[in-house]
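Asker: Next up, data_12.pdb (PDB, C-alpha atoms).
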```pdb
ATOM      1  CA  MET F  48       5.423 -26.423  17.559  1.00  0.00           C
ATOM      2  CA  THR F  49       4.940 -24.321  20.703  1.00  0.00           C
ATOM      3  CA  ASP F  50       8.643 -24.121  21.612  1.00  0.00           C
ATOM      4  CA  GLN F  51       9.693 -23.166  18.091  1.00  0.00           C
ATOM      5  CA  LEU F  52       6.959 -20.577  17.822  1.00  0.00           C
ATOM      6  CA  GLU F  53       7.999 -19.039  21.129  1.00  0.00           C
ATOM      7  CA  GLU F  54      11.630 -18.948  19.955  1.00  0.00           C
ATOM      8  CA  VAL F  55      10.734 -17.223  16.682  1.00  0.00           C
ATOM      9  CA  THR F  56       8.497 -14.702  18.444  1.00  0.00           C
ATOM     10  CA  ALA F  57      11.142 -13.988  21.071  1.00  0.00           C
ATOM     11  CA  LEU F  58      13.812 -13.529  18.388  1.00  0.00           C
ATOM     12  CA  VAL F  59      11.757 -11.011  16.424  1.00  0.00           C
ATOM     13  CA  SER F  60      10.769  -9.147  19.603  1.00  0.00           C
ATOM     14  CA  GLU F  61      14.396  -9.007  20.708  1.00  0.00           C
ATOM     15  CA  LEU F  62      15.716  -7.650  17.415  1.00  0.00           C
ATOM     16  CA  MET F  63      12.977  -5.077  16.831  1.00  0.00           C
ATOM     17  CA  SER F  64      11.902  -2.366  19.262  1.00  0.00           C
ATOM     18  CA  PRO F  65       8.221  -2.265  20.335  1.00  0.00           C
ATOM     19  CA  HIS F  66       7.821   0.870  18.219  1.00  0.00           C
ATOM     20  CA  ASP F  67       9.176  -0.827  15.088  1.00  0.00           C
ATOM     21  CA  LEU F  68       7.229  -4.076  15.527  1.00  0.00           C
ATOM     22  CA  VAL F  69       3.608  -3.742  14.387  1.00  0.00           C
ATOM     23  CA  ALA F  70       2.476  -7.380  14.387  1.00  0.00           C
ATOM     24  CA  VAL F  71       3.625 -10.997  14.445  1.00  0.00           C
ATOM     25  CA  CYS F  72       1.089 -13.521  13.142  1.00  0.00           C
ATOM     26  CA  LEU F  73       0.916 -17.285  12.765  1.00  0.00           C
ATOM     27  CA  TYR F  74      -0.875 -18.450   9.606  1.00  0.00           C
ATOM     28  CA  GLY F  75      -1.107 -21.330   7.162  1.00  0.00           C
ATOM     29  CA  SER F  76      -1.899 -24.908   8.182  1.00  0.00           C
ATOM     30  CA  ALA F  77      -1.386 -24.147  11.862  1.00  0.00           C
ATOM     31  CA  THR F  78      -4.451 -21.878  11.895  1.00  0.00           C
ATOM     32  CA  THR F  79      -6.645 -23.637   9.323  1.00  0.00           C
ATOM     33  CA  THR F  80      -6.563 -27.420   8.817  1.00  0.00           C
ATOM     34  CA  GLY F  81      -3.927 -28.152  11.455  1.00  0.00           C
ATOM     35  CA  LEU F  82      -0.265 -28.903  10.853  1.00  0.00           C
ATOM     36  CA  ARG F  83       0.509 -31.868   8.605  1.00  0.00           C
ATOM     37  CA  PRO F  84       3.711 -33.945   8.824  1.00  0.00           C
ATOM     38  CA  TYR F  85       5.468 -31.791   6.200  1.00  0.00           C
ATOM     39  CA  SER F  86       3.872 -28.437   7.043  1.00  0.00           C
ATOM     40  CA  ASP F  87       6.051 -25.397   7.629  1.00  0.00           C
ATOM     41  CA  LEU F  88       5.553 -23.164  10.625  1.00  0.00           C
ATOM     42  CA  ASP F  89       4.446 -19.988   8.816  1.00  0.00           C
ATOM     43  CA  VAL F  90       5.041 -16.654  10.565  1.00  0.00           C
ATOM     44  CA  PHE F  91       4.287 -13.212   9.129  1.00  0.00           C
ATOM     45  CA  VAL F  92       5.796 -10.022  10.587  1.00  0.00           C
ATOM     46  CA  VAL F  93       4.795  -6.416   9.925  1.00  0.00           C
ATOM     47  CA  LEU F  94       7.407  -3.732  10.661  1.00  0.00           C
ATOM     48  CA  ARG F  95       7.429   0.052  10.652  1.00  0.00           C
ATOM     49  CA  ARG F  96      10.921   0.233   9.135  1.00  0.00           C
ATOM     50  CA  GLY F  97      13.240  -1.845   7.006  1.00  0.00           C
ATOM     51  CA  LEU F  98      16.004  -4.072   8.322  1.00  0.00           C
ATOM     52  CA  VAL F  99      19.652  -3.090   8.330  1.00  0.00           C
ATOM     53  CA  GLU F 100      22.261  -5.596   7.144  1.00  0.00           C
ATOM     54  CA  GLU F 101      23.356  -6.553  10.655  1.00  0.00           C
ATOM     55  CA  GLU F 102      19.754  -7.382  11.597  1.00  0.00           C
ATOM     56  CA  ARG F 103      19.333  -9.513   8.475  1.00  0.00           C
ATOM     57  CA  ARG F 104      22.470 -11.481   9.274  1.00  0.00           C
ATOM     58  CA  GLU F 105      21.600 -12.085  12.912  1.00  0.00           C
ATOM     59  CA  LEU F 106      18.038 -13.044  12.064  1.00  0.00           C
ATOM     60  CA  THR F 107      19.211 -15.544   9.441  1.00  0.00           C
ATOM     61  CA  ALA F 108      21.940 -17.053  11.646  1.00  0.00           C
ATOM     62  CA  ARG F 109      19.590 -17.597  14.550  1.00  0.00           C
ATOM     63  CA  LEU F 110      16.759 -18.950  12.430  1.00  0.00           C
ATOM     64  CA  LEU F 111      19.165 -21.601  11.151  1.00  0.00           C
ATOM     65  CA  GLY F 112      19.257 -22.893  14.713  1.00  0.00           C
ATOM     66  CA  ILE F 113      15.475 -22.763  15.213  1.00  0.00           C
ATOM     67  CA  SER F 114      14.170 -24.028  11.873  1.00  0.00           C
ATOM     68  CA  GLY F 115      14.267 -27.643  10.751  1.00  0.00           C
ATOM     69  CA  ALA F 116      14.991 -30.994  12.376  1.00  0.00           C
ATOM     70  CA  PRO F 117      14.163 -32.068  14.985  1.00  0.00           C
ATOM     71  CA  GLY F 118      11.391 -29.458  14.776  1.00  0.00           C
ATOM     72  CA  ARG F 119       9.486 -28.049  11.843  1.00  0.00           C
ATOM     73  CA  PRO F 120      10.785 -25.928   8.962  1.00  0.00           C
ATOM     74  CA  VAL F 121      10.110 -22.255   9.648  1.00  0.00           C
ATOM     75  CA  GLU F 122       9.004 -19.843   6.957  1.00  0.00           C
ATOM     76  CA  LEU F 123       9.311 -16.279   8.216  1.00  0.00           C
ATOM     77  CA  THR F 124       8.148 -13.393   6.028  1.00  0.00           C
ATOM     78  CA  MET F 125       8.517  -9.708   6.881  1.00  0.00           C
ATOM     79  CA  VAL F 126       7.002  -6.623   5.306  1.00  0.00           C
ATOM     80  CA  VAL F 127       7.264  -2.922   6.070  1.00  0.00           C
ATOM     81  CA  LEU F 128       3.848  -1.377   6.689  1.00  0.00           C
ATOM     82  CA  GLY F 129       4.453   1.483   4.255  1.00  0.00           C
ATOM     83  CA  ASP F 130       5.284  -0.987   1.469  1.00  0.00           C
ATOM     84  CA  VAL F 131       1.906  -2.723   1.620  1.00  0.00           C
ATOM     85  CA  VAL F 132      -0.409   0.076   2.841  1.00  0.00           C
ATOM     86  CA  PRO F 133      -1.884   1.313   0.628  1.00  0.00           C
ATOM     87  CA  TRP F 134      -1.810  -1.971  -1.267  1.00  0.00           C
ATOM     88  CA  ARG F 135      -0.094  -2.191  -4.619  1.00  0.00           C
ATOM     89  CA  TYR F 136       0.823  -5.142  -6.825  1.00  0.00           C
ATOM     90  CA  PRO F 137       3.443  -6.494  -6.873  1.00  0.00           C
ATOM     91  CA  ALA F 138       4.437  -5.446  -3.368  1.00  0.00           C
ATOM     92  CA  ARG F 139       7.871  -5.236  -1.759  1.00  0.00           C
ATOM     93  CA  GLN F 140       8.881  -7.965   0.667  1.00  0.00           C
ATOM     94  CA  GLU F 141      11.435  -6.925   3.268  1.00  0.00           C
ATOM     95  CA  TYR F 142      12.744 -10.356   4.267  1.00  0.00           C
ATOM     96  CA  GLN F 143      11.926 -14.049   3.951  1.00  0.00           C
ATOM     97  CA  TYR F 144      13.574 -17.059   5.542  1.00  0.00           C
ATOM     98  CA  GLY F 145      12.711 -20.433   4.017  1.00  0.00           C
ATOM     99  CA  GLU F 146      14.242 -23.792   4.912  1.00  0.00           C
ATOM    100  CA  TRP F 147      14.537 -24.659   1.204  1.00  0.00           C
ATOM    101  CA  LEU F 148      17.412 -22.133   1.030  1.00  0.00           C
ATOM    102  CA  ARG F 149      19.333 -23.473   4.053  1.00  0.00           C
ATOM    103  CA  GLU F 150      22.419 -24.366   2.026  1.00  0.00           C
ATOM    104  CA  ALA F 151      22.641 -20.816   0.670  1.00  0.00           C
ATOM    105  CA  TYR F 152      22.290 -19.347   4.169  1.00  0.00           C
ATOM    106  CA  GLU F 153      24.996 -21.665   5.468  1.00  0.00           C
ATOM    107  CA  ARG F 154      27.290 -20.319   2.714  1.00  0.00           C
ATOM    108  CA  GLY F 155      26.711 -16.830   4.077  1.00  0.00           C
ATOM    109  CA  GLU F 156      23.936 -15.584   1.798  1.00  0.00           C
ATOM    110  CA  VAL F 157      21.370 -13.362   3.504  1.00  0.00           C
ATOM    111  CA  PRO F 158      17.798 -12.724   2.289  1.00  0.00           C
ATOM    112  CA  GLY F 159      17.348  -9.221   0.947  1.00  0.00           C
ATOM    113  CA  ALA F 160      14.334  -7.063   0.172  1.00  0.00           C
ATOM    114  CA  ARG F 161      12.663  -7.675  -3.182  1.00  0.00           C
ATOM    115  CA  VAL F 162       9.471  -7.149  -5.116  1.00  0.00           C
ATOM    116  CA  GLU F 163       7.512 -10.375  -4.624  1.00  0.00           C
ATOM    117  CA  PRO F 164       4.263 -11.214  -6.469  1.00  0.00           C
ATOM    118  CA  ASP F 165       3.541 -14.146  -4.126  1.00  0.00           C
ATOM    119  CA  LEU F 166       3.160 -11.699  -1.258  1.00  0.00           C
ATOM    120  CA  ALA F 167      -0.401 -11.169  -2.504  1.00  0.00           C
ATOM    121  CA  VAL F 168      -1.237 -14.811  -1.743  1.00  0.00           C
ATOM    122  CA  LEU F 169       0.483 -14.804   1.650  1.00  0.00           C
ATOM    123  CA  MET F 170      -1.252 -11.626   2.763  1.00  0.00           C
ATOM    124  CA  ARG F 171      -4.648 -12.963   1.681  1.00  0.00           C
ATOM    125  CA  MET F 172      -4.006 -15.987   3.933  1.00  0.00           C
ATOM    126  CA  VAL F 173      -2.724 -13.904   6.848  1.00  0.00           C
ATOM    127  CA  VAL F 174      -5.675 -11.506   6.809  1.00  0.00           C
ATOM    128  CA  ALA F 175      -8.204 -14.338   6.458  1.00  0.00           C
ATOM    129  CA  ASP F 176      -6.877 -16.807   9.030  1.00  0.00           C
ATOM    130  CA  GLY F 177      -3.854 -15.323  10.793  1.00  0.00           C
ATOM    131  CA  ARG F 178      -3.555 -15.622  14.578  1.00  0.00           C
ATOM    132  CA  VAL F 179      -1.894 -12.671  16.287  1.00  0.00           C
ATOM    133  CA  LEU F 180       1.122 -13.488  18.472  1.00  0.00           C
ATOM    134  CA  VAL F 181       2.417  -9.966  19.082  1.00  0.00           C
ATOM    135  CA  GLY F 182       0.817  -6.582  18.416  1.00  0.00           C
ATOM    136  CA  ALA F 183      -2.307  -5.943  16.394  1.00  0.00           C
ATOM    137  CA  PRO F 184      -4.416  -8.493  14.468  1.00  0.00           C
ATOM    138  CA  ALA F 185      -3.449  -8.670  10.804  1.00  0.00           C
ATOM    139  CA  SER F 186      -6.953  -7.728   9.718  1.00  0.00           C
ATOM    140  CA  GLU F 187      -6.561  -4.400  11.507  1.00  0.00           C
ATOM    141  CA  VAL F 188      -3.229  -3.413   9.964  1.00  0.00           C
ATOM    142  CA  LEU F 189      -3.098  -5.135   6.557  1.00  0.00           C
ATOM    143  CA  PRO F 190      -5.322  -4.430   3.557  1.00  0.00           C
ATOM    144  CA  GLU F 191      -7.607  -6.950   1.894  1.00  0.00           C
ATOM    145  CA  VAL F 192      -5.764  -8.080  -1.232  1.00  0.00           C
ATOM    146  CA  PRO F 193      -8.017  -7.937  -4.346  1.00  0.00           C
ATOM    147  CA  ALA F 194      -8.855 -11.312  -5.868  1.00  0.00           C
ATOM    148  CA  GLU F 195      -7.433 -10.133  -9.195  1.00  0.00           C
ATOM    149  CA  ASP F 196      -4.001  -9.592  -7.640  1.00  0.00           C
ATOM    150  CA  VAL F 197      -4.096 -13.000  -5.948  1.00  0.00           C
ATOM    151  CA  ALA F 198      -4.818 -14.526  -9.349  1.00  0.00           C
ATOM    152  CA  ARG F 199      -1.978 -12.602 -10.981  1.00  0.00           C
ATOM    153  CA  ALA F 200       0.420 -13.770  -8.278  1.00  0.00           C
ATOM    154  CA  VAL F 201      -0.622 -17.395  -8.664  1.00  0.00           C
ATOM    155  CA  VAL F 202       0.024 -17.295 -12.410  1.00  0.00           C
ATOM    156  CA  ALA F 203       3.343 -15.474 -11.979  1.00  0.00           C
ATOM    157  CA  GLY F 204       4.605 -18.294  -9.769  1.00  0.00           C
ATOM    158  CA  VAL F 205       4.109 -21.104 -12.295  1.00  0.00           C
ATOM    159  CA  PRO F 206       7.462 -20.866 -14.191  1.00  0.00           C
ATOM    160  CA  GLY F 207       9.431 -20.909 -10.942  1.00  0.00           C
ATOM    161  CA  LEU F 208       7.499 -23.901  -9.661  1.00  0.00           C
ATOM    162  CA  LEU F 209       8.104 -25.911 -12.821  1.00  0.00           C
ATOM    163  CA  GLY F 210      11.808 -25.130 -12.549  1.00  0.00           C
ATOM    164  CA  GLU F 211      11.863 -26.703  -9.080  1.00  0.00           C
ATOM    165  CA  LEU F 212       9.914 -29.845  -9.975  1.00  0.00           C
ATOM    166  CA  ALA F 213      12.859 -32.243  -9.769  1.00  0.00           C
ATOM    167  CA  GLU F 214      14.136 -30.903  -6.439  1.00  0.00           C
ATOM    168  CA  ASP F 215      10.809 -30.256  -4.674  1.00  0.00           C
ATOM    169  CA  THR F 216       8.342 -32.543  -6.440  1.00  0.00           C
ATOM    170  CA  ARG F 217       5.738 -32.945  -3.706  1.00  0.00           C
ATOM    171  CA  ASN F 218       5.476 -29.256  -2.917  1.00  0.00           C
ATOM    172  CA  VAL F 219       5.415 -28.195  -6.578  1.00  0.00           C
ATOM    173  CA  LEU F 220       2.542 -30.518  -7.483  1.00  0.00           C
ATOM    174  CA  LEU F 221       0.512 -29.500  -4.435  1.00  0.00           C
ATOM    175  CA  THR F 222       1.144 -25.792  -5.018  1.00  0.00           C
ATOM    176  CA  LEU F 223       0.102 -26.082  -8.668  1.00  0.00           C
ATOM    177  CA  ALA F 224      -3.090 -27.820  -7.546  1.00  0.00           C
ATOM    178  CA  ARG F 225      -3.756 -25.006  -5.091  1.00  0.00           C
ATOM    179  CA  ALA F 226      -3.150 -22.444  -7.839  1.00  0.00           C
ATOM    180  CA  TRP F 227      -5.770 -24.190  -9.980  1.00  0.00           C
ATOM    181  CA  VAL F 228      -8.279 -24.129  -7.113  1.00  0.00           C
ATOM    182  CA  THR F 229      -7.612 -20.448  -6.430  1.00  0.00           C
ATOM    183  CA  LEU F 230      -8.139 -19.397 -10.030  1.00  0.00           C
ATOM    184  CA  ASP F 231     -11.216 -21.558 -10.473  1.00  0.00           C
ATOM    185  CA  THR F 232     -12.970 -20.785  -7.172  1.00  0.00           C
ATOM    186  CA  GLY F 233     -11.275 -17.663  -5.759  1.00  0.00           C
ATOM    187  CA  ALA F 234     -10.401 -19.515  -2.545  1.00  0.00           C
ATOM    188  CA  VAL F 235      -6.917 -20.046  -1.078  1.00  0.00           C
ATOM    189  CA  VAL F 236      -7.139 -23.502   0.518  1.00  0.00           C
ATOM    190  CA  SER F 237      -4.772 -25.976   2.173  1.00  0.00           C
ATOM    191  CA  LYS F 238      -2.532 -28.070  -0.048  1.00  0.00           C
ATOM    192  CA  ASP F 239      -4.221 -31.355   0.812  1.00  0.00           C
ATOM    193  CA  ALA F 240      -7.676 -29.847   0.254  1.00  0.00           C
ATOM    194  CA  ALA F 241      -6.502 -28.477  -3.096  1.00  0.00           C
ATOM    195  CA  ALA F 242      -5.161 -31.873  -4.129  1.00  0.00           C
ATOM    196  CA  GLY F 243      -8.434 -33.539  -3.167  1.00  0.00           C
ATOM    197  CA  TRP F 244     -10.358 -31.009  -5.251  1.00  0.00           C
ATOM    198  CA  ALA F 245      -8.027 -31.389  -8.230  1.00  0.00           C
ATOM    199  CA  LEU F 246      -7.975 -35.195  -8.139  1.00  0.00           C
ATOM    200  CA  GLY F 247     -11.691 -35.236  -8.890  1.00  0.00           C
ATOM    201  CA  ARG F 248     -11.055 -33.158 -12.009  1.00  0.00           C
ATOM    202  CA  LEU F 249      -7.801 -34.602 -13.329  1.00  0.00           C
ATOM    203  CA  PRO F 250      -7.669 -37.011 -16.272  1.00  0.00           C
ATOM    204  CA  GLU F 251      -6.994 -40.512 -14.942  1.00  0.00           C
ATOM    205  CA  GLU F 252      -3.422 -40.665 -16.247  1.00  0.00           C
ATOM    206  CA  HIS F 253      -2.404 -37.641 -14.158  1.00  0.00           C
ATOM    207  CA  ARG F 254      -3.930 -38.749 -10.867  1.00  0.00           C
ATOM    208  CA  PRO F 255      -1.181 -41.069  -9.526  1.00  0.00           C
ATOM    209  CA  ALA F 256       1.417 -38.299  -9.205  1.00  0.00           C
ATOM    210  CA  LEU F 257      -0.852 -35.845  -7.396  1.00  0.00           C
ATOM    211  CA  ALA F 258      -2.367 -38.599  -5.260  1.00  0.00           C
ATOM    212  CA  HIS F 259       1.115 -39.635  -4.127  1.00  0.00           C
ATOM    213  CA  ALA F 260       2.023 -36.021  -3.321  1.00  0.00           C
ATOM    214  CA  ARG F 261      -1.109 -35.720  -1.169  1.00  0.00           C
ATOM    215  CA  GLU F 262      -0.522 -39.028   0.609  1.00  0.00           C
ATOM    216  CA  VAL F 263       3.043 -38.065   1.491  1.00  0.00           C
ATOM    217  CA  TYR F 264       1.954 -34.611   2.674  1.00  0.00           C
ATOM    218  CA  LEU F 265      -0.631 -36.219   4.979  1.00  0.00           C
ATOM    219  CA  GLY F 266       1.876 -38.747   6.310  1.00  0.00           C
ATOM    220  CA  GLU F 267       0.061 -41.670   4.704  1.00  0.00           C
ATOM    221  CA  ALA F 268       2.961 -42.850   2.516  1.00  0.00           C
ATOM    222  CA  GLU F 269       6.737 -42.639   2.187  1.00  0.00           C
ATOM    223  CA  GLU F 270       7.929 -40.384  -0.631  1.00  0.00           C
ATOM    224  CA  ASN F 271       8.985 -42.531  -3.589  1.00  0.00           C
ATOM    225  CA  TRP F 272       8.546 -40.960  -7.026  1.00  0.00           C
ATOM    226  CA  GLY F 273      10.022 -44.021  -8.675  1.00  0.00           C
ATOM    227  CA  LEU F 274       6.718 -45.753  -8.006  1.00  0.00           C
ATOM    228  CA  VAL F 275       4.926 -43.094 -10.022  1.00  0.00           C
ATOM    229  CA  GLY F 276       7.504 -42.602 -12.752  1.00  0.00           C
ATOM    230  CA  PRO F 277       9.271 -39.348 -13.730  1.00  0.00           C
ATOM    231  CA  GLY F 278       7.319 -39.109 -16.968  1.00  0.00           C
ATOM    232  CA  ARG F 279       3.999 -39.200 -15.152  1.00  0.00           C
ATOM    233  CA  VAL F 280       5.203 -36.607 -12.649  1.00  0.00           C
ATOM    234  CA  ALA F 281       6.272 -34.205 -15.401  1.00  0.00           C
ATOM    235  CA  ASP F 282       3.047 -34.769 -17.358  1.00  0.00           C
ATOM    236  CA  CYS F 283       0.932 -34.107 -14.263  1.00  0.00           C
ATOM    237  CA  ALA F 284       2.822 -30.898 -13.512  1.00  0.00           C
ATOM    238  CA  ALA F 285       2.439 -29.755 -17.122  1.00  0.00           C
ATOM    239  CA  TYR F 286      -1.296 -30.457 -17.053  1.00  0.00           C
ATOM    240  CA  LEU F 287      -1.791 -28.553 -13.786  1.00  0.00           C
ATOM    241  CA  ALA F 288       0.254 -25.621 -15.086  1.00  0.00           C
ATOM    242  CA  GLY F 289      -1.809 -25.636 -18.269  1.00  0.00           C
ATOM    243  CA  ARG F 290      -5.058 -25.422 -16.316  1.00  0.00           C
ATOM    244  CA  VAL F 291      -3.652 -22.475 -14.353  1.00  0.00           C
ATOM    245  CA  ARG F 292      -2.639 -20.648 -17.520  1.00  0.00           C
ATOM    246  CA  GLU F 293      -6.030 -21.271 -19.125  1.00  0.00           C
ATOM    247  CA  LEU F 294      -7.731 -19.625 -16.150  1.00  0.00           C
ATOM    248  CA  ALA F 295      -5.254 -16.751 -15.906  1.00  0.00           C
ATOM    249  CA  PRO F 296      -6.747 -13.226 -15.969  1.00  0.00           C
ATOM    250  CA  GLY F 297      -6.902 -12.024 -19.552  1.00  0.00           C
ATOM    251  CA  SER F 298      -6.446 -15.457 -21.117  1.00  0.00           C
ATOM    252  CA  VAL F 299      -8.627 -16.393 -24.052  1.00  0.00           C
TER     253      VAL F 299
END
```
Can you present the structure in this file as structure tokens?
Answerer:
Amino acid sequence: MTDQLEEVTALVSELMSPHDLVAVCLYGSATTTGLRPYSDLDVFVVLRRGLVEEERRELTARLLGISGAPGRPVELTMVVLGDVVPWRYPARQEYQYGEWLREAYERGEVPGARVEPDLAVLMRMVVADGRVLVGAPASEVLPEVPAEDVARAVVAGVPGLLGELAEDTRNVLLTLARAWVTLDTGAVVSKDAAAGWALGRLPEEHRPALAHAREVYLGEAEENWGLVGPGRVADCAAYLAGRVRELAPGSV
């Protein structure tokens, strides 16, 4: 992890001037439960200005060489300070690199700025548990995201997750479990902790799919959804999504 993290930090510091770079923070599993076998290396960057197209292209091209095998997938998210301070929902995200879009990047696509509801969840995690790598601590430069906006973001992400179930089964089930935990308790917890919490509350018929997702995430089993059955996977995802919707702000 250390070499990759140093490469990412050096890349961002090289592309952005000290004046334009407010903070670089490590967050996620690396700063909470510890990295699991399938954990991403999550890095959050706060800038004073937006990126130009040339910077986006160079950042993406070089991250393709840093992220992924033989190291860990890198998830790099950037925001402009003025887009998130003062806080508003949904906020604008300046850039995000995610290994799940590698094929698109290799075809020449470049991540652009967009309004992103999930930024509320990421910023809650960064402020709570982020570790500063460059610049100021996140808690000194980023606002505390209201619990209501975190809840709204969690609910907004459900349709997209269900659409990715076949391609990213493990991550979708674990993320839905974490969404359920967040809406029920107000806490944003690790994926394996969320699955453990949800397994104690799931009907018996839905437990095998989520249990398998957790075991694979922890490195305790090889991923094989044929052992669970596609019907059980889909039913588990539907149940988790239903619990999230039932707890959504404003639901009856």
Asker: Any chance you could work out the residue set of the PyMOL selection byres ((chain F and resi 249-261) around 9) here, as a CSV table (one decimal) with C-alpha atoms, in the frame of the given file?
Answerer:
```
chain,number,residue,atom,x,y,z
F,216,THR,CA,8.3,-32.5,-6.4
F,217,ARG,CA,5.7,-32.9,-3.7
F,218,ASN,CA,5.5,-29.3,-2.9
F,220,LEU,CA,2.5,-30.5,-7.5
F,221,LEU,CA,0.5,-29.5,-4.4
F,224,ALA,CA,-3.1,-27.8,-7.5
F,238,LYS,CA,-2.5,-28.1,0.0
F,239,ASP,CA,-4.2,-31.4,0.8
F,240,ALA,CA,-7.7,-29.8,0.3
F,242,ALA,CA,-5.2,-31.9,-4.1
F,243,GLY,CA,-8.4,-33.5,-3.2
F,245,ALA,CA,-8.0,-31.4,-8.2
F,246,LEU,CA,-8.0,-35.2,-8.1
F,247,GLY,CA,-11.7,-35.2,-8.9
F,248,ARG,CA,-11.1,-33.2,-12.0
F,262,GLU,CA,-0.5,-39.0,0.6
F,263,VAL,CA,3.0,-38.1,1.5
F,264,TYR,CA,2.0,-34.6,2.7
F,265,LEU,CA,-0.6,-36.2,5.0
F,266,GLY,CA,1.9,-38.7,6.3
F,267,GLU,CA,0.1,-41.7,4.7
F,268,ALA,CA,3.0,-42.8,2.5
F,269,GLU,CA,6.7,-42.6,2.2
F,270,GLU,CA,7.9,-40.4,-0.6
F,271,ASN,CA,9.0,-42.5,-3.6
F,272,TRP,CA,8.5,-41.0,-7.0
F,275,VAL,CA,4.9,-43.1,-10.0
F,276,GLY,CA,7.5,-42.6,-12.8
F,279,ARG,CA,4.0,-39.2,-15.2
F,280,VAL,CA,5.2,-36.6,-12.6
F,281,ALA,CA,6.3,-34.2,-15.4
F,282,ASP,CA,3.0,-34.8,-17.4
F,283,CYS,CA,0.9,-34.1,-14.3
F,284,ALA,CA,2.8,-30.9,-13.5
F,286,TYR,CA,-1.3,-30.5,-17.1
F,287,LEU,CA,-1.8,-28.6,-13.8
```
Asker: Please evaluate the PyMOL selection byres ((chain F and resi 99) around 12) against the structure above and give the resulting residues as a count of residues only.
Answerer: 18
Asker: Do you have the CA of Asp89 (chain F)-CA of Arg199 (chain F) distance handy?
Answerer: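 Here the two named atoms are 22.1 Å from each other.
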Asker: Please produce, as CSV, a per-residue contact table for region 71-187 of chain F versus region 227-235 of chain F (criterion: any atom at most 10 Å away, all atoms listed in the file considered), showing the nearest atom pair and its distance in Å to one decimal, sorted by chain then residue number.
Answerer:
```
residue,atom,partner,partner_atom,distance
F:Val168,CA,F:Val235,CA,7.8
F:Leu169,CA,F:Val235,CA,9.5
F:Arg171,CA,F:Val235,CA,7.9
F:Met172,CA,F:Val235,CA,7.1
F:Ala175,CA,F:Val235,CA,9.5
```
Asker: Find the residues around Val121 (chain F) up to 12 Å (only C-alpha atoms counted), leave out those fewer than 6 positions away in its own chain, and share them as a VMD selection string.
Answerer: chain F and resid 48 51 to 52 54 to 56 73 to 75 77 85 to 91 107 109 to 115 143 to 149
Asker: Just give me the gap between CA of Thr222 (chain F) and CA of Val127 (chain F) in Å, one decimal is fine.
Answerer: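 Separation between CA of Thr222 (chain F) and CA of Val127 (chain F): 26.1 Å.
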Asker: Figure out the distance between CA of Thr124 (chain F) and CA of Arg292 (chain F), please, to one decimal in Å.
Answerer: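 So the two atoms, CA of Arg292 (chain F) and CA of Thr124 (chain F), lie 26.9 Å apart.
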Asker: Counting all atoms listed in the file, which residue out of F:Leu208, F:Leu68, F:Ala57, F:Ala108 sits closest to Asp165 (chain F)?
Answerer: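 Using all atoms listed in the file, the shortest distance to Asp165 (chain F) belongs to F:Leu208.
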Asker: Do you know which residues lie at most 12 Å from (-5.7, -0.1, 9.4), with coordinates as in the file and only C-alpha atoms counted, and could you write them as a VMD selection string?
Answerer: chain F and resid 69 128 to 129 131 to 134 174 183 to 191
Asker: If the box runs along x, y and z of the file and leaves 6 Å on each side of region 167-180 of chain F, what are its centre and edge lengths in Å, one decimal, as AutoDock Vina command-line options?
Answerer:
```
--center_x -3.5 --center_y -14.0 --center_z 8.0 --size_x 21.3 --size_y 17.6 --size_z 33.0
```
